[in-house]
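*Asks:* The structure under discussion is supplied below as structure tokens; questions concerning it will follow.
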Amino acid sequence: QVHLVESGGGLVQAGGSLRLSCAASGRTVSSYGMGWFRQPPGKEREFVAAITWNGISTNYADSVKGRFTISRDSTKNTVSLQMNSLKPEDTAVYYCAAARFGGTVSYATVSSATSYNYWGQGTQVTVSS
């Protein structure tokens, strides 16, 4: 079993930055693909970013491309999401997820919530205008 815990959420003004972290325990996720999803108020959960087990390949939703950066530290069993130039529409609960597909897979696979086996409890990000 993999237990994921997100942290780093909060309230920030538009244009500001936040860094989310996801700590894994119970089992190393060094061979897992990792992703970030978010669920805006009243909307469906949506893909944000993903990274392969070795950190070589990353994928981003068009809405965050150029503003968000996903990274991982396998020695610490953590994944991070650096969020810059935040907009009010980035307001959401952000979830970390782990998937057993360690290698490079299609965008359709990494961006689908059903591809992920483990989920964190989420952290709230609120961006004020």
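If you're wondering about the labels, chains in the structure tokens are A, B, ... by order shown, residues count from 1 in each chain, ligands from 1 in order shown.
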Name the residues of chain A that fall into alpha helix (DSSP H) according to DSSP on the backbone, using the chain letters and numbers of this document, as a PyMOL selection string.

*Replies:* chain A and resi 107-110

*Asks:* Could you name the residues that touch Tyr118 of chain A at 8 Å or less, counting only C-alpha atoms, but leaving out those on the same chain fewer than 5 positions away, as a list in words?

*Replies:* Val2, His3, Leu4, Ala97, Ala98 and Ala99 of chain A

*Asks:* Next, dump the selected residues to file, keeping only all heavy atoms, as a CSV table (one decimal), in the first residue's frame.

*Replies:*
```csv
chain,number,residue,atom,x,y,z
A,2,VAL,N,0.4,2.3,-0.6
A,2,VAL,CA,1.0,3.6,-0.7
A,2,VAL,C,0.1,4.6,0.0
A,2,VAL,O,-1.1,4.7,-0.4
A,2,VAL,CB,1.3,4.0,-2.1
A,2,VAL,CG1,1.9,5.4,-2.2
A,2,VAL,CG2,2.3,3.0,-2.8
A,3,HIS,N,0.7,5.4,0.9
A,3,HIS,CA,-0.1,6.4,1.5
A,3,HIS,C,0.5,7.8,1.1
A,3,HIS,O,1.7,8.0,1.2
A,3,HIS,CB,0.0,6.3,3.0
A,3,HIS,CG,-0.8,7.3,3.8
A,3,HIS,ND1,-2.1,7.4,3.6
A,3,HIS,CD2,-0.4,8.1,4.8
A,3,HIS,CE1,-2.6,8.3,4.5
A,3,HIS,NE2,-1.6,8.8,5.2
A,4,LEU,N,-0.3,8.6,0.6
A,4,LEU,CA,0.1,9.9,0.0
A,4,LEU,C,-0.5,11.1,0.9
A,4,LEU,O,-1.7,11.1,1.1
A,4,LEU,CB,-0.3,10.1,-1.4
A,4,LEU,CG,0.2,9.0,-2.4
A,4,LEU,CD1,-0.5,9.2,-3.8
A,4,LEU,CD2,1.7,9.0,-2.5
A,97,ALA,N,-1.3,11.7,-6.8
A,97,ALA,CA,-1.7,10.4,-7.1
A,97,ALA,C,-0.5,9.6,-7.6
A,97,ALA,O,0.4,10.2,-8.2
A,97,ALA,CB,-2.8,10.4,-8.2
A,98,ALA,N,-0.5,8.3,-7.4
A,98,ALA,CA,0.6,7.4,-7.8
A,98,ALA,C,0.0,6.3,-8.7
A,98,ALA,O,-1.1,5.7,-8.5
A,98,ALA,CB,1.3,6.8,-6.6
A,99,ALA,N,0.8,6.0,-9.8
A,99,ALA,CA,0.3,4.9,-10.7
A,99,ALA,C,1.4,3.9,-11.0
A,99,ALA,O,2.6,4.3,-11.0
A,99,ALA,CB,-0.1,5.6,-12.1
```

*Asks:* Which residue is closest to Val5 of chain A? Choose from A:Asn117, A:Thr78, A:Thr69, A:Ser85 and count only C-alpha atoms.

*Replies:*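 For Val5 of chain A, the nearest of the candidates is A:Thr78.
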
*Asks:* Of the candidates A:Arg19, A:Val125, A:Gly42, A:Ser30, which one gets nearest to Asn54 of chain A if we count only C-alpha atoms?

*Replies:*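 Of A:Arg19, A:Val125, A:Gly42, A:Ser30, the one nearest Asn54 of chain A is A:Ser30, counting only C-alpha atoms.
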
*Asks:* Once DSSP has gone over the backbone, tell me which residues of chain A are in strand (DSSP E), as number ranges by chain.

*Replies:* A: 3-7, 10-13, 18-25, 33-39, 46-51, 58-60, 68-73, 78-83, 92-99, 118-119, 123-128
